[in-house]
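Enquirer: Just passing along the structure, written as structure tokens.
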Amino acid sequence: MIDVHDEVVAAEARIRPYARQTPLEEAFGLSEAAQGRVYLKLENLQATGSFKLRGALNKVLALNDEQRRRGIIAASTGNHALAVAHALSVVGLRGSIYLPENASPQKLAMLRRYDVDLMFHGTDGVEAEREARRVSEAEGRVYVSPYNDPHVVGGQGTVAAELLRELDEVDGVLVSVGGGGFIAGVAGYLKAARPGVEVIGCLPQNSPVMYESIRAGRVVDMPSLPSLSDGTAGGIEADAITFALCQEYVDDWVLVDEPAIARGMRRMFDEHRLVLEGSAGVTVASFLKIKERFAGKTVVLILCGSNIDIDKFKRLICP
């Protein structure tokens, strides 16, 4: 198992010139509801609109000259694609990003702002990823995983390093969970630096793959239903390094339904004027579900991103 603390420390040194230290602000309405102190870590204000940039930057900056010469490949229909494209622009490298043929026009427009090769294959993200991995192996090019990589885990965990600089006392941290790279980095660092901090994984009921895997003691293959939290939906690679890290470092898990996710997103817009994607709404909804356990304590909700289709968001806020 990787030493997450050391990975985060190394990542912090690499990415600091390029990644924002995102704001931390108190959520007074949530603090009152919980009778404690609740803070929001605003990764929705990170460059490219999500925490994913941290891991992509760390991976790309850690490449040696030969790896850079051969080129980079990634596959994603969302935040990871934008993160890799931005990271490549930082170091002046070109790369290929594989997407399904029916990728969102809005996401394509954002990606075309970068000097990357957009490659289209299949009709869903799984097919695009499979082709990206095939080309990566055939051509000897580095494949940048969205979560299954020590450098990516270390990069995502730099959020935790920032938290401990910004806040003297922390009792709990809530993090949304998909493939587990984000929470593995955050939890692994916190448990080394502040063992008493409780780390809670937050998932949509419609796609609780990591939760069910932890329960089963192995990575499970299970279908996911549609969810507002599309950024955390989907399966986990059978060899994912994040599974063991989540087993070791995550203290508890919370599952929330779709109406609760929507309410969390609306509440953050009403009280803070924040535009959040569904996976960030999962964290807010999870906190509201278990807020009593944090009475009199200090807790941080990491709001992981803001990249939501604007028409979907308008329908959500003004149903």
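All residue names refer to the structure tokens as shown: chains lettered A, B, ... in order, residues numbered from 1 in each chain, ligands numbered from 1 in order.
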Please list as a list of chain:residue names every residue within 7 Å of A:Glu258, counting only C-alpha atoms and excluding residues in the same chain fewer than 3 positions away.

Expert: A:Ser227, A:Leu228, A:Ile261, A:Ala262

Enquirer: So that I have them on file, write out the residues from the current selection with N, CA and C atoms, as a PDB file, in the first residue's frame.

Expert:
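As written to disk, part.pdb reads:
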```
ATOM      1  N   SER A 227     -27.903   9.292 -11.818  1.00  0.00           N
ATOM      2  CA  SER A 227     -27.812  10.108 -10.612  1.00  0.00           C
ATOM      3  C   SER A 227     -27.404  11.530 -10.967  1.00  0.00           C
ATOM      4  N   LEU A 228     -27.896  12.477 -10.159  1.00  0.00           N
ATOM      5  CA  LEU A 228     -27.398  13.847 -10.261  1.00  0.00           C
ATOM      6  C   LEU A 228     -25.885  13.871 -10.036  1.00  0.00           C
ATOM      7  N   ILE A 261     -29.953  14.950  -2.569  1.00  0.00           N
ATOM      8  CA  ILE A 261     -28.852  15.591  -3.304  1.00  0.00           C
ATOM      9  C   ILE A 261     -29.317  16.922  -3.878  1.00  0.00           C
ATOM     10  N   ALA A 262     -30.502  16.906  -4.487  1.00  0.00           N
ATOM     11  CA  ALA A 262     -31.052  18.139  -5.068  1.00  0.00           C
ATOM     12  C   ALA A 262     -31.267  19.205  -4.002  1.00  0.00           C
TER      13      ALA A 262
END
```

Enquirer: Could you pull the residues within 7 Å of A:Thr232, counting only C-alpha atoms, minus those fewer than 4 positions along the same chain, as a list of chain:residue names?

Expert: A:Val177, A:Gly178, A:Ser279

Enquirer: At a cut-off of 12 Å, using only C-alpha atoms, what residues contact A:Phe269? Leave out same-chain residues fewer than 5 positions from it and give the result as a PyMOL selection string.

Expert: chain A and resi 27+262-264+274-277+280-281+284+306+313-314+316-318

Enquirer: Hey, can you spit out that residue selection with N, CA and C atoms as a PDB file, in the first residue's frame?

Expert:
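Dumped to selection.pdb:
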```
ATOM      1  N   ALA A  27     -20.145  27.905   6.929  1.00  0.00           N
ATOM      2  CA  ALA A  27     -21.536  27.814   6.484  1.00  0.00           C
ATOM      3  C   ALA A  27     -22.414  28.062   7.705  1.00  0.00           C
ATOM      4  N   ALA A 262     -30.502  16.906  -4.487  1.00  0.00           N
ATOM      5  CA  ALA A 262     -31.052  18.139  -5.068  1.00  0.00           C
ATOM      6  C   ALA A 262     -31.267  19.205  -4.002  1.00  0.00           C
ATOM      7  N   ARG A 263     -31.762  18.793  -2.847  1.00  0.00           N
ATOM      8  CA  ARG A 263     -31.971  19.768  -1.764  1.00  0.00           C
ATOM      9  C   ARG A 263     -30.648  20.353  -1.293  1.00  0.00           C
ATOM     10  N   GLY A 264     -29.619  19.538  -1.225  1.00  0.00           N
ATOM     11  CA  GLY A 264     -28.309  20.035  -0.821  1.00  0.00           C
ATOM     12  C   GLY A 264     -27.777  21.074  -1.793  1.00  0.00           C
ATOM     13  N   LEU A 274     -23.738  29.400  -4.445  1.00  0.00           N
ATOM     14  CA  LEU A 274     -22.782  28.493  -5.055  1.00  0.00           C
ATOM     15  C   LEU A 274     -23.456  27.612  -6.088  1.00  0.00           C
ATOM     16  N   VAL A 275     -22.854  27.528  -7.250  1.00  0.00           N
ATOM     17  CA  VAL A 275     -23.295  26.577  -8.273  1.00  0.00           C
ATOM     18  C   VAL A 275     -22.472  25.309  -8.088  1.00  0.00           C
ATOM     19  N   LEU A 276     -23.150  24.218  -7.761  1.00  0.00           N
ATOM     20  CA  LEU A 276     -22.466  22.958  -7.488  1.00  0.00           C
ATOM     21  C   LEU A 276     -22.937  21.872  -8.439  1.00  0.00           C
ATOM     22  N   GLU A 277     -22.032  20.945  -8.745  1.00  0.00           N
ATOM     23  CA  GLU A 277     -22.435  19.739  -9.453  1.00  0.00           C
ATOM     24  C   GLU A 277     -22.999  18.746  -8.442  1.00  0.00           C
ATOM     25  N   ALA A 280     -20.961  17.278  -5.437  1.00  0.00           N
ATOM     26  CA  ALA A 280     -20.808  18.176  -4.289  1.00  0.00           C
ATOM     27  C   ALA A 280     -22.090  18.213  -3.471  1.00  0.00           C
ATOM     28  N   GLY A 281     -23.223  18.139  -4.160  1.00  0.00           N
ATOM     29  CA  GLY A 281     -24.502  18.068  -3.452  1.00  0.00           C
ATOM     30  C   GLY A 281     -24.606  16.835  -2.576  1.00  0.00           C
ATOM     31  N   VAL A 284     -23.142  17.647   0.890  1.00  0.00           N
ATOM     32  CA  VAL A 284     -24.048  18.465   1.700  1.00  0.00           C
ATOM     33  C   VAL A 284     -25.204  17.610   2.216  1.00  0.00           C
ATOM     34  N   SER A 306     -18.015  22.187  -9.612  1.00  0.00           N
ATOM     35  CA  SER A 306     -19.105  23.073 -10.050  1.00  0.00           C
ATOM     36  C   SER A 306     -19.560  22.794 -11.478  1.00  0.00           C
ATOM     37  N   PHE A 313     -29.041  22.716 -14.124  1.00  0.00           N
ATOM     38  CA  PHE A 313     -28.993  23.464 -12.873  1.00  0.00           C
ATOM     39  C   PHE A 313     -30.192  24.411 -12.759  1.00  0.00           C
ATOM     40  N   LYS A 314     -30.554  25.064 -13.846  1.00  0.00           N
ATOM     41  CA  LYS A 314     -31.716  25.964 -13.789  1.00  0.00           C
ATOM     42  C   LYS A 314     -32.993  25.203 -13.464  1.00  0.00           C
ATOM     43  N   LEU A 316     -33.157  22.540 -11.728  1.00  0.00           N
ATOM     44  CA  LEU A 316     -33.050  22.121 -10.340  1.00  0.00           C
ATOM     45  C   LEU A 316     -33.394  23.259  -9.377  1.00  0.00           C
ATOM     46  N   ILE A 317     -32.894  24.454  -9.682  1.00  0.00           N
ATOM     47  CA  ILE A 317     -33.116  25.602  -8.795  1.00  0.00           C
ATOM     48  C   ILE A 317     -34.515  26.176  -8.951  1.00  0.00           C
ATOM     49  N   CYS A 318     -35.047  26.142 -10.152  1.00  0.00           N
ATOM     50  CA  CYS A 318     -36.387  26.692 -10.412  1.00  0.00           C
ATOM     51  C   CYS A 318     -37.261  25.613 -11.024  1.00  0.00           C
TER      52      CYS A 318
END
```

Enquirer: Using only C-alpha atoms, which residue out of A:Leu225, A:Ala33, A:Ala184, A:Met119 lies closest to A:Val153?

Expert: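 Of the candidates, the smallest distance to A:Val153 is held by A:Ala184.
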
Enquirer: Point out the residue among A:Asp257, A:Asp3, A:Glu271, A:Asp309 with the least atom-to-atom distance to A:Phe28, counting only C-alpha atoms.

Expert: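 Looking only at the distances to A:Phe28, the closest residue turns out to be A:Glu271.
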
Enquirer: Check the smallest atom-to-atom distance from each of A:Leu99, A:Val135, A:Ile15, A:Val300 to A:Arg70 using only C-alpha atoms, then report the winner.

Expert: A:Val135

Enquirer: DSSP on the backbone: which residues in stretch 76-227 of chain A end up as helix (DSSP H, G or I)? Give the answer as a count of residues only.

Expert: 72

Enquirer: Identify which of the residues A:Asp117, A:Glu248, A:Glu139, A:Glu162 lies closest to A:Leu42, counting only C-alpha atoms when measuring atom-to-atom distances.

Expert: A:Glu162

Enquirer: Please compute the atom CA of A:Gly172-atom CA of A:Ala10 distance, one decimal, in Å.

Expert: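 Atom-to-atom, atom CA of A:Gly172 and atom CA of A:Ala10 are spaced 24.3 Å apart.
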
Enquirer: With a distance cut-off of 10 Å and only C-alpha atoms, select the neighbouring residues of A:Leu245, excluding the residue or stretch itself and same-chain residues fewer than 5 positions from it, and output the selection as a list of chain:residue names.

Expert: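 With the cut-off at 10 Å, the set is A:Met1, A:Ile2, A:Asp3, A:Val4, A:Val153, A:Gly180, A:Gly181, A:Ile183, A:Ala184, A:Gly185, A:Ala187, A:Gly188, A:Ala240, A:Val250.
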
Enquirer: So which one's closest to A:Glu7, A:Asn307, A:Ser50, A:Gln156, A:Gln67? Using only C-alpha atoms, please.

Expert: A:Gln156

Enquirer: Excluding A:Val9 and its own-chain neighbours fewer than 2 positions away, which residues fall within 9 Å of it when counting only C-alpha atoms? Please give them as an NGL selection string.

Expert: :A and (4-7 or 11-14 or 154 or 157-158 or 161 or 189)

Enquirer: Go ahead and save the residues from that selection, with C-alpha atoms, as a JSON list (two decimals), in the first residue's frame.

Expert:
```json
[["chain", "number", "residue", "atom", "x", "y", "z"],
["A", 4, "VAL", "CA", -0.27, 8.55, 1.17],
["A", 5, "HIS", "CA", 1.24, 11.14, 3.51],
["A", 6, "ASP", "CA", 4.55, 11.13, 1.63],
["A", 7, "GLU", "CA", 2.75, 11.22, -1.74],
["A", 11, "ALA", "CA", 2.55, 16.58, -4.58],
["A", 12, "GLU", "CA", 2.16, 19.74, -2.52],
["A", 13, "ALA", "CA", 5.65, 20.83, -3.53],
["A", 14, "ARG", "CA", 5.04, 20.03, -7.23],
["A", 154, "GLY", "CA", -1.29, 12.29, -3.74],
["A", 157, "GLY", "CA", -4.83, 14.72, -1.01],
["A", 158, "THR", "CA", -3.28, 18.19, -1.11],
["A", 161, "ALA", "CA", -2.80, 19.65, 3.58],
["A", 189, "TYR", "CA", -2.99, 12.36, 4.81]]
```

Enquirer: Output as a VMD selection string all residues of stretch 40-269 of chain A that backbone DSSP marks as strand (DSSP E).

Expert: chain A and resid 40 to 42 72 to 75 95 to 99 117 to 120 142 to 143 172 to 176 198 to 204 252 to 256

Enquirer: Go ahead and write the residues just picked, C-alpha atoms, as a PDB file, in the first residue's frame.

Expert:
```pdb
ATOM      1  CA  LEU A  40     -17.051  24.583   3.235  1.00  0.00           C
ATOM      2  CA  LYS A  41     -13.843  23.827   1.338  1.00  0.00           C
ATOM      3  CA  LEU A  42     -14.593  25.375  -2.037  1.00  0.00           C
ATOM      4  CA  ILE A  72      -0.100  11.366 -22.651  1.00  0.00           C
ATOM      5  CA  ILE A  73      -3.478   9.648 -23.002  1.00  0.00           C
ATOM      6  CA  ALA A  74      -6.601   9.990 -20.866  1.00  0.00           C
ATOM      7  CA  ALA A  75     -10.256   9.079 -21.165  1.00  0.00           C
ATOM      8  CA  GLY A  95      -1.904  14.657 -25.365  1.00  0.00           C
ATOM      9  CA  SER A  96      -4.944  12.720 -26.504  1.00  0.00           C
ATOM     10  CA  ILE A  97      -8.228  12.557 -24.638  1.00  0.00           C
ATOM     11  CA  TYR A  98     -10.692   9.847 -25.604  1.00  0.00           C
ATOM     12  CA  LEU A  99     -14.409  10.517 -25.387  1.00  0.00           C
ATOM     13  CA  ASP A 117      -6.299  15.899 -29.523  1.00  0.00           C
ATOM     14  CA  LEU A 118      -9.886  14.823 -28.952  1.00  0.00           C
ATOM     15  CA  MET A 119     -10.422  11.232 -30.025  1.00  0.00           C
ATOM     16  CA  PHE A 120     -13.898   9.726 -30.270  1.00  0.00           C
ATOM     17  CA  VAL A 142       1.336   7.186 -20.287  1.00  0.00           C
ATOM     18  CA  TYR A 143      -2.313   6.667 -19.400  1.00  0.00           C
ATOM     19  CA  GLY A 172     -14.618  15.579  10.856  1.00  0.00           C
ATOM     20  CA  VAL A 173     -14.283  15.830   7.089  1.00  0.00           C
ATOM     21  CA  LEU A 174     -16.901  14.713   4.556  1.00  0.00           C
ATOM     22  CA  VAL A 175     -15.843  13.785   1.021  1.00  0.00           C
ATOM     23  CA  SER A 176     -17.813  12.513  -1.974  1.00  0.00           C
ATOM     24  CA  GLU A 198     -13.130  11.392  11.424  1.00  0.00           C
ATOM     25  CA  VAL A 199     -13.303  10.948   7.645  1.00  0.00           C
ATOM     26  CA  ILE A 200     -16.683  10.102   6.131  1.00  0.00           C
ATOM     27  CA  GLY A 201     -17.306   8.942   2.578  1.00  0.00           C
ATOM     28  CA  CYS A 202     -20.455  10.253   0.881  1.00  0.00           C
ATOM     29  CA  LEU A 203     -22.156   8.434  -1.997  1.00  0.00           C
ATOM     30  CA  PRO A 204     -25.423   8.509  -3.959  1.00  0.00           C
ATOM     31  CA  ASP A 252     -17.745   5.711   7.963  1.00  0.00           C
ATOM     32  CA  TRP A 253     -19.997   5.904   4.929  1.00  0.00           C
ATOM     33  CA  VAL A 254     -23.259   7.724   4.179  1.00  0.00           C
ATOM     34  CA  LEU A 255     -25.620   7.072   1.270  1.00  0.00           C
ATOM     35  CA  VAL A 256     -28.170   9.673   0.128  1.00  0.00           C
TER      36      VAL A 256
END
```

Enquirer: Measuring between only C-alpha atoms, which one of A:Val282, A:Val219, A:Val299, A:Leu53 shows the shortest distance to A:Gly231?

Expert: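 Using only C-alpha atoms, A:Gly231 sits closest to A:Val282.
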